[in-house]
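Have a look at run-v5.cif below; it lists mmCIF, C-alpha atoms and all ligand atoms.
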```cif
data_upload
#
loop_
_atom_site.label_atom_id
_atom_site.label_comp_id
_atom_site.auth_asym_id
_atom_site.auth_seq_id
_atom_site.Cartn_x
_atom_site.Cartn_y
_atom_site.Cartn_z
CA MET A 1 -77.88 89.07 116.87
CA VAL A 2 -74.18 89.58 116.26
CA GLN A 3 -73.21 89.09 112.64
CA ARG A 4 -70.24 86.69 112.27
CA GLN A 5 -67.86 85.91 109.39
CA ILE A 6 -65.01 83.54 108.59
CA PRO A 7 -61.75 85.35 109.52
CA ASN A 8 -59.51 86.38 106.68
CA PRO A 9 -56.20 84.45 107.09
CA ALA A 10 -54.18 87.57 106.17
CA ASP A 11 -55.80 89.48 109.07
CA VAL A 12 -55.07 86.62 111.48
CA LEU A 13 -51.43 86.51 110.37
CA GLU A 14 -51.19 90.26 111.00
CA PHE A 15 -52.15 89.67 114.66
CA LEU A 16 -49.71 86.81 114.99
CA LYS A 17 -46.65 88.88 114.14
CA ILE A 18 -44.84 88.56 117.44
CA LYS A 19 -42.63 91.48 118.36
CA MET A 20 -39.18 90.21 119.18
CA PRO A 21 -37.81 91.47 122.49
CA GLU A 22 -35.25 94.23 122.05
CA PHE A 23 -32.13 94.56 124.15
CA GLY A 24 -29.53 97.22 124.77
CA LYS A 25 -29.49 100.81 125.88
CA GLU A 26 -31.74 102.19 123.15
CA ALA A 27 -34.44 99.61 123.80
CA ARG A 28 -34.17 100.17 127.54
CA LEU A 29 -34.58 103.92 127.23
CA LYS A 30 -37.40 103.62 124.68
CA LYS A 31 -39.42 101.94 127.41
CA ALA A 32 -39.08 104.93 129.73
CA PHE A 33 -42.09 107.20 129.35
CA SER A 34 -41.73 109.18 132.54
CA ILE A 35 -39.00 110.33 134.91
CA TYR A 36 -40.24 107.70 137.37
CA ASP A 37 -39.59 105.05 134.65
CA LEU A 38 -36.02 106.35 134.33
CA ARG A 39 -35.70 106.13 138.11
CA ARG A 40 -36.74 102.46 138.05
CA ILE A 41 -34.13 101.65 135.40
CA ALA A 42 -31.52 103.67 137.29
CA LYS A 43 -32.20 101.72 140.46
CA ARG A 44 -31.74 98.39 138.69
CA ARG A 45 -28.41 99.41 137.19
CA THR A 46 -26.68 101.34 139.96
CA PRO A 47 -25.15 100.01 143.18
CA ALA A 48 -27.45 100.69 146.12
CA ALA A 49 -25.10 103.11 147.88
CA ALA A 50 -24.69 105.38 144.83
CA PHE A 51 -28.40 105.19 143.95
CA ASP A 52 -29.42 105.98 147.52
CA TYR A 53 -26.98 108.88 147.71
CA THR A 54 -28.82 110.36 144.71
CA ASP A 55 -32.36 109.36 145.48
CA GLY A 56 -32.20 110.03 149.21
CA ALA A 57 -32.61 113.21 151.23
CA ALA A 58 -32.07 114.35 154.81
CA ASP A 59 -33.50 112.80 157.95
CA ASP A 60 -37.01 111.41 157.31
CA GLU A 61 -37.02 112.77 153.73
CA LEU A 62 -40.20 114.75 154.42
CA SER A 63 -39.11 117.88 152.52
CA ILE A 64 -38.70 116.07 149.21
CA GLN A 65 -41.92 114.09 149.67
CA ARG A 66 -43.82 117.29 150.46
CA ALA A 67 -42.29 119.14 147.51
CA ARG A 68 -43.37 116.38 145.12
CA GLN A 69 -46.78 116.26 146.78
CA ALA A 70 -47.21 120.01 146.30
CA PHE A 71 -46.57 119.61 142.57
CA GLU A 72 -49.04 116.72 142.40
CA ASP A 73 -51.60 118.87 144.20
CA ILE A 74 -51.98 121.45 141.49
CA GLU A 75 -55.03 121.90 139.35
CA PHE A 76 -54.69 123.32 135.85
CA HIS A 77 -57.28 125.55 134.23
CA PRO A 78 -57.26 125.22 130.45
CA ASP A 79 -58.71 127.72 128.00
CA ILE A 80 -60.74 126.17 125.23
CA LEU A 81 -60.90 126.81 121.51
CA THR A 82 -57.61 128.64 121.40
CA PRO A 83 -55.10 127.71 118.70
CA ALA A 84 -52.34 125.56 120.13
CA GLU A 85 -50.79 124.15 116.99
CA HIS A 86 -47.40 125.78 117.39
CA VAL A 87 -46.16 125.68 120.94
CA ASP A 88 -42.97 127.59 121.66
CA THR A 89 -41.24 126.34 124.83
CA SER A 90 -38.28 128.68 124.61
CA THR A 91 -37.56 131.41 127.12
CA GLU A 92 -34.98 134.04 128.09
CA ILE A 93 -33.04 133.58 131.28
CA LEU A 94 -30.28 135.76 132.72
CA GLY A 95 -29.60 137.52 129.47
CA GLY A 96 -29.55 134.47 127.23
CA PRO A 97 -31.82 131.95 125.53
CA SER A 98 -32.98 128.54 126.67
CA ALA A 99 -34.96 126.25 124.41
CA LEU A 100 -36.90 124.95 127.40
CA PRO A 101 -37.87 126.52 130.73
CA PHE A 102 -35.49 124.33 132.73
CA GLY A 103 -31.80 123.72 133.13
CA ILE A 104 -29.63 121.10 134.81
CA ALA A 105 -28.97 121.72 138.51
CA PRO A 106 -25.51 121.34 140.02
CA THR A 107 -24.80 117.93 141.51
CA GLY A 108 -21.70 116.69 143.27
CA PHE A 109 -19.95 113.34 142.75
CA THR A 110 -21.77 112.82 139.46
CA ARG A 111 -19.33 110.34 137.91
CA LEU A 112 -19.97 108.08 140.84
CA MET A 113 -23.55 107.63 139.68
CA GLN A 114 -22.55 106.79 136.13
CA THR A 115 -19.10 107.07 134.70
CA GLU A 116 -19.89 109.63 131.97
CA GLY A 117 -21.01 112.09 134.66
CA GLU A 118 -20.96 115.79 133.81
CA THR A 119 -19.76 115.19 130.25
CA ALA A 120 -23.09 113.49 129.52
CA GLY A 121 -25.05 116.25 131.29
CA ALA A 122 -23.25 119.13 129.62
CA GLY A 123 -23.33 117.47 126.17
CA ALA A 124 -27.05 116.72 126.41
CA ALA A 125 -27.85 120.21 127.71
CA GLY A 126 -25.85 121.78 124.89
CA ALA A 127 -27.61 119.65 122.27
CA ALA A 128 -31.02 120.58 123.69
CA GLY A 129 -30.17 124.28 124.01
CA ILE A 130 -30.58 124.48 127.80
CA PRO A 131 -28.04 125.55 130.47
CA PHE A 132 -25.89 123.08 132.38
CA THR A 133 -24.57 123.77 135.90
CA LEU A 134 -21.30 122.30 137.13
CA SER A 135 -21.00 121.85 140.91
CA THR A 136 -17.98 122.85 142.99
CA LEU A 137 -18.04 119.16 143.96
CA GLY A 138 -18.24 118.08 140.34
CA THR A 139 -16.16 115.20 139.08
CA THR A 140 -15.25 116.73 135.71
CA SER A 141 -13.03 119.77 135.35
CA ILE A 142 -14.36 123.17 134.33
CA GLU A 143 -12.37 122.97 131.11
CA ASP A 144 -13.69 119.50 130.22
CA VAL A 145 -17.28 120.64 130.78
CA LYS A 146 -16.59 123.51 128.40
CA LYS A 147 -15.28 120.97 125.86
CA ALA A 148 -18.44 118.87 126.25
CA ASN A 149 -20.67 121.93 125.78
CA PRO A 150 -18.53 124.36 123.77
CA ASP A 151 -21.29 126.48 122.25
CA GLY A 152 -24.05 126.18 124.85
CA ARG A 153 -24.50 127.85 128.20
CA ASN A 154 -22.50 126.62 131.17
CA TRP A 155 -23.13 127.81 134.70
CA PHE A 156 -20.94 127.23 137.74
CA GLN A 157 -22.13 126.50 141.28
CA LEU A 158 -19.99 127.76 144.12
CA TYR A 159 -19.58 126.43 147.61
CA VAL A 160 -17.43 128.77 149.63
CA MET A 161 -14.91 126.53 151.37
CA ARG A 162 -12.85 127.11 154.48
CA ASP A 163 -9.98 127.37 152.05
CA ARG A 164 -11.07 130.46 150.13
CA ASP A 165 -8.22 130.16 147.64
CA ILE A 166 -9.64 126.90 146.32
CA SER A 167 -13.16 128.32 145.91
CA TYR A 168 -12.08 131.58 144.36
CA GLY A 169 -9.57 129.79 142.10
CA LEU A 170 -12.50 127.81 140.67
CA VAL A 171 -14.49 131.02 140.17
CA GLU A 172 -11.66 132.52 138.14
CA ARG A 173 -11.29 129.37 136.04
CA ALA A 174 -15.03 129.26 135.34
CA ALA A 175 -14.99 132.91 134.26
CA LYS A 176 -12.03 132.23 131.98
CA ALA A 177 -13.84 129.26 130.42
CA GLY A 178 -16.78 131.53 129.53
CA PHE A 179 -19.32 130.25 132.05
CA ASP A 180 -21.98 132.98 132.14
CA THR A 181 -23.66 132.49 135.53
CA LEU A 182 -22.49 131.69 139.05
CA GLN A 183 -24.85 130.03 141.51
CA PHE A 184 -23.77 130.76 145.06
CA THR A 185 -25.25 127.99 147.23
CA VAL A 186 -26.17 129.21 150.71
CA ASP A 187 -28.16 126.36 152.25
CA THR A 188 -25.17 124.21 153.18
CA PRO A 189 -23.33 125.74 156.17
CA ILE A 190 -22.97 122.13 157.31
CA ALA A 191 -24.05 118.85 155.70
CA GLY A 192 -27.62 117.62 156.10
CA ASN A 193 -28.24 114.33 157.86
CA ARG A 194 -28.33 111.82 154.99
CA MET A 195 -29.45 108.72 156.80
CA ARG A 196 -29.33 106.39 153.79
CA ASP A 197 -25.61 107.14 153.36
CA ALA A 198 -24.93 106.41 157.02
CA ARG A 199 -26.93 103.19 156.88
CA ASN A 200 -25.23 102.05 153.65
CA GLY A 201 -21.78 102.92 155.00
CA PHE A 202 -21.42 105.02 151.83
CA SER A 203 -17.97 106.54 151.70
CA ILE A 204 -15.85 108.51 149.25
CA PRO A 205 -14.02 106.70 147.73
CA PRO A 206 -16.42 103.71 147.80
CA GLN A 207 -15.27 100.93 150.03
CA LEU A 208 -15.97 97.26 149.45
CA SER A 209 -17.77 95.24 152.09
CA LEU A 210 -19.55 91.91 151.79
CA GLY A 211 -22.79 93.85 151.32
CA THR A 212 -21.41 96.00 148.48
CA ILE A 213 -19.99 92.92 146.76
CA ALA A 214 -23.36 91.12 146.92
CA ASN A 215 -25.04 94.25 145.59
CA ALA A 216 -22.45 94.53 142.78
CA ILE A 217 -23.06 91.08 141.30
CA PRO A 218 -26.21 92.02 139.31
CA ARG A 219 -24.66 95.39 138.32
CA PRO A 220 -21.35 94.42 136.73
CA TRP A 221 -21.28 97.25 134.21
CA TRP A 222 -21.23 99.97 136.82
CA TRP A 223 -18.20 98.33 138.45
CA ILE A 224 -16.41 97.76 135.15
CA ASP A 225 -16.95 101.44 134.32
CA PHE A 226 -15.82 102.50 137.77
CA LEU A 227 -12.64 100.44 137.74
CA THR A 228 -11.60 101.10 134.14
CA THR A 229 -12.05 104.89 133.96
CA PRO A 230 -9.97 107.66 135.57
CA LYS A 231 -10.20 107.88 139.36
CA LEU A 232 -12.67 110.34 140.84
CA GLU A 233 -10.78 113.42 141.81
CA PHE A 234 -12.03 116.65 143.26
CA ALA A 235 -10.36 119.92 142.55
CA SER A 236 -11.69 121.27 145.79
CA LEU A 237 -11.57 118.40 148.26
CA SER A 238 -9.15 115.86 149.52
CA SER A 239 -10.80 112.54 150.11
CA THR A 240 -11.06 111.56 153.76
CA GLY A 241 -12.45 108.06 153.33
CA GLY A 242 -15.49 109.25 155.33
CA THR A 243 -19.12 109.72 154.29
CA VAL A 244 -20.11 112.52 151.94
CA GLY A 245 -21.33 114.39 155.02
CA ASP A 246 -17.90 114.10 156.69
CA LEU A 247 -16.29 115.33 153.53
CA LEU A 248 -18.65 118.30 153.26
CA ASN A 249 -18.20 119.23 156.89
CA SER A 250 -14.43 119.21 156.58
CA ALA A 251 -14.55 121.48 153.54
CA MET A 252 -17.48 123.87 154.06
CA ASP A 253 -17.18 127.10 155.91
CA PRO A 254 -20.16 127.46 158.26
CA THR A 255 -19.43 131.17 158.74
CA ILE A 256 -20.11 132.38 155.18
CA GLY A 257 -22.17 135.54 155.00
CA TYR A 258 -23.07 138.62 152.99
CA ASP A 259 -19.37 139.70 152.90
CA ASP A 260 -18.66 136.66 150.77
CA LEU A 261 -21.32 137.77 148.32
CA ALA A 262 -19.55 141.11 147.98
CA THR A 263 -16.19 139.39 147.39
CA ILE A 264 -17.68 137.11 144.75
CA ARG A 265 -19.18 140.14 143.01
CA GLU A 266 -15.67 141.55 142.61
CA LEU A 267 -14.29 138.31 141.20
CA TRP A 268 -17.11 137.32 138.88
CA PRO A 269 -17.97 139.27 135.74
CA GLY A 270 -21.18 137.40 134.89
CA ASN A 271 -24.56 136.86 136.53
CA ILE A 272 -24.69 136.03 140.22
CA VAL A 273 -27.56 133.93 141.47
CA VAL A 274 -28.10 132.91 145.10
CA LYS A 275 -29.27 129.29 145.44
CA GLY A 276 -31.12 128.05 148.49
CA VAL A 277 -33.35 131.03 149.35
CA GLN A 278 -36.15 129.87 151.66
CA ASN A 279 -38.12 132.86 152.87
CA VAL A 280 -39.59 136.12 151.62
CA PRO A 281 -37.40 138.60 153.60
CA ASP A 282 -34.17 136.95 152.37
CA ALA A 283 -35.48 137.03 148.81
CA VAL A 284 -36.29 140.74 149.09
CA LYS A 285 -32.95 141.55 150.71
CA LEU A 286 -30.96 139.77 147.99
CA ILE A 287 -32.87 141.40 145.14
CA ASP A 288 -32.40 144.79 146.83
CA LEU A 289 -28.68 144.05 147.07
CA GLY A 290 -28.67 143.70 143.31
CA VAL A 291 -28.09 139.97 142.73
CA ASP A 292 -29.09 138.90 139.23
CA GLY A 293 -31.38 136.16 140.44
CA ILE A 294 -32.42 133.87 143.27
CA ILE A 295 -33.24 130.18 143.35
CA LEU A 296 -35.96 129.12 145.76
CA SER A 297 -34.63 125.73 146.77
CA ASN A 298 -34.19 123.48 149.76
CA HIS A 299 -31.48 121.51 147.99
CA GLY A 300 -33.89 118.76 146.99
CA GLY A 301 -34.67 118.14 150.66
CA ARG A 302 -31.08 117.13 151.32
CA GLN A 303 -30.23 119.78 153.91
CA LEU A 304 -32.81 120.93 156.48
CA ASP A 305 -35.64 118.41 156.49
CA ARG A 306 -39.13 119.93 156.94
CA ALA A 307 -37.88 123.16 155.33
CA PRO A 308 -40.52 125.14 153.39
CA ILE A 309 -41.61 123.80 150.01
CA PRO A 310 -39.93 126.10 147.43
CA PHE A 311 -42.81 125.89 144.94
CA ARG A 312 -45.21 127.02 147.67
CA LEU A 313 -43.05 130.09 148.40
CA LEU A 314 -43.13 131.16 144.78
CA PRO A 315 -46.31 133.32 144.57
CA GLU A 316 -45.51 135.35 147.66
CA VAL A 317 -41.87 135.86 146.75
CA VAL A 318 -42.82 137.00 143.24
CA LYS A 319 -45.40 139.37 144.70
CA GLU A 320 -42.81 140.94 147.03
CA VAL A 321 -39.80 141.16 144.69
CA GLY A 322 -41.83 142.13 141.64
CA GLN A 323 -42.35 140.61 138.21
CA ASP A 324 -39.03 141.85 136.85
CA ALA A 325 -36.81 140.04 139.35
CA THR A 326 -35.39 136.70 138.26
CA VAL A 327 -36.88 134.10 140.59
CA MET A 328 -36.14 130.47 139.83
CA VAL A 329 -37.27 127.34 141.62
CA ASP A 330 -36.16 123.74 142.12
CA THR A 331 -36.81 120.74 144.39
CA GLY A 332 -39.18 117.94 143.54
CA ILE A 333 -39.59 118.42 139.78
CA MET A 334 -40.41 115.04 138.24
CA ASN A 335 -42.77 116.05 135.43
CA GLY A 336 -42.93 118.78 132.80
CA GLN A 337 -46.24 119.79 134.37
CA ASP A 338 -44.35 120.82 137.52
CA ILE A 339 -42.28 123.14 135.35
CA VAL A 340 -45.30 124.62 133.55
CA ALA A 341 -47.01 125.26 136.90
CA SER A 342 -43.88 126.99 138.25
CA MET A 343 -43.62 129.22 135.20
CA ALA A 344 -47.33 130.07 135.46
CA LEU A 345 -46.89 131.14 139.08
CA GLY A 346 -44.13 133.56 138.17
CA ALA A 347 -40.87 131.58 138.09
CA LYS A 348 -38.51 132.72 135.35
CA PHE A 349 -36.82 129.32 135.18
CA THR A 350 -36.53 125.94 136.91
CA LEU A 351 -33.78 123.43 137.61
CA VAL A 352 -33.82 119.65 137.75
CA GLY A 353 -31.42 117.63 139.88
CA ARG A 354 -32.54 114.05 140.40
CA ALA A 355 -34.51 113.83 137.14
CA TYR A 356 -31.18 114.43 135.34
CA LEU A 357 -29.32 111.92 137.49
CA TYR A 358 -31.98 109.22 137.01
CA GLY A 359 -31.53 109.67 133.25
CA LEU A 360 -27.76 109.53 133.64
CA MET A 361 -27.84 106.34 135.70
CA ALA A 362 -30.37 104.78 133.33
CA GLY A 363 -28.26 105.28 130.21
CA GLY A 364 -25.39 107.81 130.36
CA ARG A 365 -25.61 110.54 127.70
CA GLU A 366 -28.57 108.91 125.93
CA GLY A 367 -30.34 108.64 129.28
CA VAL A 368 -29.94 112.38 129.87
CA ASP A 369 -31.17 113.03 126.31
CA ARG A 370 -34.21 110.88 127.12
CA MET A 371 -34.85 112.81 130.35
CA ILE A 372 -34.87 116.07 128.42
CA GLN A 373 -37.12 114.58 125.75
CA ILE A 374 -39.63 113.34 128.35
CA LEU A 375 -39.80 116.67 130.21
CA SER A 376 -39.92 118.58 126.95
CA SER A 377 -42.86 116.61 125.57
CA GLU A 378 -44.69 116.94 128.89
CA ILE A 379 -44.18 120.71 128.83
CA ARG A 380 -45.27 121.02 125.22
CA ARG A 381 -48.36 118.85 125.67
CA THR A 382 -49.41 120.62 128.87
CA MET A 383 -49.07 124.02 127.23
CA ALA A 384 -51.10 122.90 124.21
CA LEU A 385 -53.82 121.42 126.42
CA LEU A 386 -53.92 124.64 128.44
CA GLY A 387 -54.45 126.56 125.22
CA VAL A 388 -51.16 128.40 125.57
CA SER A 389 -48.63 128.74 122.77
CA SER A 390 -45.72 130.50 124.48
CA ILE A 391 -44.19 130.57 127.96
CA ASP A 392 -45.09 134.27 128.34
CA GLU A 393 -48.76 133.40 128.03
CA LEU A 394 -48.67 131.24 131.17
CA GLU A 395 -50.33 133.08 134.03
CA PRO A 396 -51.21 132.42 137.68
CA ARG A 397 -54.85 131.91 136.66
CA HIS A 398 -53.81 128.68 134.90
CA VAL A 399 -52.92 127.02 138.20
CA THR A 400 -54.53 126.47 141.58
CA GLN A 401 -52.51 124.95 144.39
CA LEU A 402 -54.74 122.57 146.31
CA THR A 403 -53.84 122.62 149.96
CA ARG A 404 -53.21 119.53 152.01
CA LEU A 405 -50.69 121.10 154.37
CA VAL A 406 -52.05 124.35 155.71
CA PRO A 407 -49.95 126.27 158.22
CA VAL A 408 -51.70 127.04 161.47
CA GLY A 409 -51.62 130.72 162.33
CA ASN A 410 -49.30 131.61 165.21
C1 LIG A 501 -26.99 113.79 144.21
C2 LIG A 501 -27.17 115.27 144.38
C3 LIG A 501 -26.06 116.07 144.55
C4 LIG A 501 -26.21 117.45 144.71
N1 LIG A 501 -25.10 118.24 144.82
C5 LIG A 501 -25.25 119.59 144.89
C6 LIG A 501 -24.11 120.44 144.89
O1 LIG A 501 -22.97 119.99 144.82
N2 LIG A 501 -24.33 121.78 144.98
C7 LIG A 501 -25.58 122.33 145.05
O2 LIG A 501 -25.73 123.55 145.13
N3 LIG A 501 -26.68 121.54 145.02
C8 LIG A 501 -26.53 120.19 144.93
N4 LIG A 501 -27.65 119.40 144.86
C9 LIG A 501 -28.99 120.03 144.85
C10 LIG A 501 -29.44 120.31 143.43
O3 LIG A 501 -28.66 121.32 142.85
C11 LIG A 501 -30.91 120.75 143.39
O4 LIG A 501 -31.09 121.84 144.24
C12 LIG A 501 -31.87 119.63 143.79
O5 LIG A 501 -31.43 118.40 143.29
C13 LIG A 501 -33.26 119.93 143.27
O6 LIG A 501 -34.17 118.96 143.64
P1 LIG A 501 -34.58 117.70 142.71
O7 LIG A 501 -33.46 116.70 142.85
O8 LIG A 501 -35.83 117.20 143.32
O9 LIG A 501 -34.72 118.19 141.30
C14 LIG A 501 -27.51 118.02 144.72
C15 LIG A 501 -28.62 117.20 144.54
C16 LIG A 501 -28.47 115.83 144.36
C17 LIG A 501 -29.70 114.98 144.14
#
```

Mind converting the file's structure to structure tokens?
Amino acid sequence: MVQRQIPNPADVLEFLKIKMPEFGKEARLKKAFSIYDLRRIAKRRTPAAAFDYTDGAADDELSIQRARQAFEDIEFHPDILTPAEHVDTSTEILGGPSALPFGIAPTGFTRLMQTEGETAGAGAAGAAGIPFTLSTLGTTSIEDVKKANPDGRNWFQLYVMRDRDISYGLVERAAKAGFDTLQFTVDTPIAGNRMRDARNGFSIPPQLSLGTIANAIPRPWWWIDFLTTPKLEFASLSSTGGTVGDLLNSAMDPTIGYDDLATIRELWPGNIVVKGVQNVPDAVKLIDLGVDGIILSNHGGRQLDRAPIPFRLLPEVVKEVGQDATVMVDTGIMNGQDIVASMALGAKFTLVGRAYLYGLMAGGREGVDRMIQILSSEIRRTMALLGVSSIDELEPRHVTQLTRLVPVGN
């Protein structure tokens, strides 16, 4: 028999306290508990063409799906009964500190996604003590990024253009502004085939059609921001009115090679990192040439679709180049667990592209802060549950990669 009693009116009243709905940016961001939540908010608030430019990838978008799948297909192996009260997520990267084992990847056209653009990214990175990377195709000047993140670490990403003077002029400005690392991107001899952009008729600058107007109606704030803030201007490009791909193809030099690396070395006093390394021999060659680091990346699946999954390359690359070389990884990171797994398998650092942009589109600076908070708490919790209290303690034995896609021997 269940024993029953007359309810106490005070207890009933306690249950009846109805929580009033909250509105505004803070309330919106408070409801985001994962990067995928930020993505959902971003999608609601951003015109389809700009959202798709960010969210999309090349051709059938298989590379990005596979990269995310590979992260989902890891198994963690926790140690038990080890103290995990104080978890230290900080690490050293390229001669300096980072409070967390990730930084913000370079992204072009960022103010198109949300008007605060790089200022929000650099400010949030500075506040969190992690590095921020400005793209050659950034929409905020080198000097303004420095102003937004005056005491933190700024990195600059270089595309070598047909017009070398433009590219090398940017390198000199970044050095003068105290940026400490240059990422030389090598996976973009020509633009990847971004089908969503072609289908949306996405052009730079954005052009209005009946479709874009219909899509704009539920997203008035984006348009108000776009029309009432300074025009998007690119130090390195003159707008052609074409798609992003057209713009890239008119600017990029498809003949860049190892000579360019040597030239950059002469111009740049800081660290040089090559971004877009996709096989073991290239990784070994670059480390032997004395670069300060490499980034295993397929550009978030935006260049060659069906390219190798960077996270999968990690163990073999680390084995061949040795533990001391600085190997970083990006593409597909949507959860702090992806970062912990990468660090366990020998990465020295990771970068996030879309996760940052989803935060930005969801809520400008506060949205990027929220993105960092979410990844940070996922990293901290995963480390504690693994029984690990510092990044150095993460080891390959903590992670197994489950295989769904197994190459056939040829
Ligand atoms: C919208 C967007 C723009 C990008 N622009 C650049 C760029 O200008 N230069 C560059 O080297 N990489 C660029 N990338 C690639 C990122 O630096 C990074 O490699 C990629 O986003 C990592 O994958 P993730 O988005 O899954 O984190 C861009 C990525 C996105 C999503």

Quiz item: Within 12 Å of Leu210 in chain A, counting only C-alpha atoms, which residues qualify if same-chain residues fewer than 5 places away don't, as a ChimeraX atom specification?
Solution: /A:200-201,215-217

Practice problem: Work out how far apart CA of Thr139 in chain A and CA of Pro230 in chain A are and give it in Å to one decimal. | Solution: 10.4 Å

Distance limit 7 Å, reference ligand LIG 501 (chain A), atoms considered: only C-alpha atoms and all ligand atoms. Which residues make the cut? Give them as a PDB file with C-alpha atoms, keeping the file's coordinate frame.
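Dumped everything to pocket_35.pdb:
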```pdb
ATOM      1  CA  TYR A  53     -26.980 108.880 147.710  1.00  0.00           C
ATOM      2  CA  THR A  54     -28.820 110.360 144.710  1.00  0.00           C
ATOM      3  CA  ASP A  55     -32.360 109.360 145.480  1.00  0.00           C
ATOM      4  CA  ILE A  64     -38.700 116.070 149.210  1.00  0.00           C
ATOM      5  CA  ALA A 105     -28.970 121.720 138.510  1.00  0.00           C
ATOM      6  CA  PRO A 106     -25.510 121.340 140.020  1.00  0.00           C
ATOM      7  CA  THR A 107     -24.800 117.930 141.510  1.00  0.00           C
ATOM      8  CA  GLY A 108     -21.700 116.690 143.270  1.00  0.00           C
ATOM      9  CA  PHE A 109     -19.950 113.340 142.750  1.00  0.00           C
ATOM     10  CA  SER A 135     -21.000 121.850 140.910  1.00  0.00           C
ATOM     11  CA  THR A 136     -17.980 122.850 142.990  1.00  0.00           C
ATOM     12  CA  LEU A 137     -18.040 119.160 143.960  1.00  0.00           C
ATOM     13  CA  GLY A 138     -18.240 118.080 140.340  1.00  0.00           C
ATOM     14  CA  GLN A 157     -22.130 126.500 141.280  1.00  0.00           C
ATOM     15  CA  THR A 185     -25.250 127.990 147.230  1.00  0.00           C
ATOM     16  CA  LYS A 275     -29.270 129.290 145.440  1.00  0.00           C
ATOM     17  CA  SER A 297     -34.630 125.730 146.770  1.00  0.00           C
ATOM     18  CA  ASN A 298     -34.190 123.480 149.760  1.00  0.00           C
ATOM     19  CA  HIS A 299     -31.480 121.510 147.990  1.00  0.00           C
ATOM     20  CA  GLY A 300     -33.890 118.760 146.990  1.00  0.00           C
ATOM     21  CA  ASP A 330     -36.160 123.740 142.120  1.00  0.00           C
ATOM     22  CA  THR A 331     -36.810 120.740 144.390  1.00  0.00           C
ATOM     23  CA  GLY A 332     -39.180 117.940 143.540  1.00  0.00           C
ATOM     24  CA  ILE A 333     -39.590 118.420 139.780  1.00  0.00           C
ATOM     25  CA  LEU A 351     -33.780 123.430 137.610  1.00  0.00           C
ATOM     26  CA  VAL A 352     -33.820 119.650 137.750  1.00  0.00           C
ATOM     27  CA  GLY A 353     -31.420 117.630 139.880  1.00  0.00           C
ATOM     28  CA  ARG A 354     -32.540 114.050 140.400  1.00  0.00           C
ATOM     29  CA  ALA A 355     -34.510 113.830 137.140  1.00  0.00           C
TER      30      ALA A 355
END
```

Please identify every residue of range 1-105 of chain A that has at least one atom no farther than 9 Å from an atom of range 374-386 of chain A, counting all atoms listed in the file, and for each give the shortest atom pair and the distance in Å to one decimal, arranged by chain then increasing number, as CSV.
```
residue,atom,partner,partner_atom,distance
A:Ala32,CA,A:Ile374,CA,8.5
A:Phe33,CA,A:Ile374,CA,6.7
A:Ser34,CA,A:Ile374,CA,6.3
A:Ile35,CA,A:Ile374,CA,7.2
A:Phe76,CA,A:Leu386,CA,7.6
A:His77,CA,A:Leu386,CA,6.8
A:Pro78,CA,A:Leu386,CA,3.9
A:Asp79,CA,A:Leu386,CA,5.7
A:Ile80,CA,A:Leu386,CA,7.7
A:Thr82,CA,A:Leu386,CA,8.9
A:Pro83,CA,A:Ala384,CA,8.3
A:Ala84,CA,A:Ala384,CA,5.0
A:Glu85,CA,A:Ala384,CA,7.3
A:His86,CA,A:Ala384,CA,8.3
A:Val87,CA,A:Arg380,CA,6.4
A:Asp88,CA,A:Arg380,CA,7.8
A:Thr89,CA,A:Arg380,CA,6.7
A:Leu100,CA,A:Ser376,CA,7.1
A:Pro101,CA,A:Ile379,CA,8.8
```

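Of note, CA of Gly367 in chain A and CA of Leu38 in chain A are spaced 7.9 Å apart.
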
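Using all atoms listed in the file, the shortest contact distance between Ile339 in chain A and any of A:Gly103, A:Pro7, A:Pro47, A:Gly152 is found at A:Gly103.
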
Please identify all polymer residues within 10 Å of range 395-399 of chain A, counting all atoms listed in the file, omitting same-chain residues fewer than 3 positions from it, and present them as a PDB file with C-alpha atoms, keeping the file's coordinate frame.
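File result_1.pdb, as written:
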```pdb
ATOM      1  CA  ILE A  74     -51.980 121.450 141.490  1.00  0.00           C
ATOM      2  CA  GLU A  75     -55.030 121.900 139.350  1.00  0.00           C
ATOM      3  CA  PHE A  76     -54.690 123.320 135.850  1.00  0.00           C
ATOM      4  CA  HIS A  77     -57.280 125.550 134.230  1.00  0.00           C
ATOM      5  CA  PRO A  78     -57.260 125.220 130.450  1.00  0.00           C
ATOM      6  CA  ASP A  79     -58.710 127.720 128.000  1.00  0.00           C
ATOM      7  CA  PRO A 315     -46.310 133.320 144.570  1.00  0.00           C
ATOM      8  CA  VAL A 340     -45.300 124.620 133.550  1.00  0.00           C
ATOM      9  CA  ALA A 341     -47.010 125.260 136.900  1.00  0.00           C
ATOM     10  CA  SER A 342     -43.880 126.990 138.250  1.00  0.00           C
ATOM     11  CA  MET A 343     -43.620 129.220 135.200  1.00  0.00           C
ATOM     12  CA  ALA A 344     -47.330 130.070 135.460  1.00  0.00           C
ATOM     13  CA  LEU A 345     -46.890 131.140 139.080  1.00  0.00           C
ATOM     14  CA  GLY A 346     -44.130 133.560 138.170  1.00  0.00           C
ATOM     15  CA  LEU A 386     -53.920 124.640 128.440  1.00  0.00           C
ATOM     16  CA  GLY A 387     -54.450 126.560 125.220  1.00  0.00           C
ATOM     17  CA  VAL A 388     -51.160 128.400 125.570  1.00  0.00           C
ATOM     18  CA  ILE A 391     -44.190 130.570 127.960  1.00  0.00           C
ATOM     19  CA  ASP A 392     -45.090 134.270 128.340  1.00  0.00           C
ATOM     20  CA  LEU A 402     -54.740 122.570 146.310  1.00  0.00           C
TER      21      LEU A 402
END
```
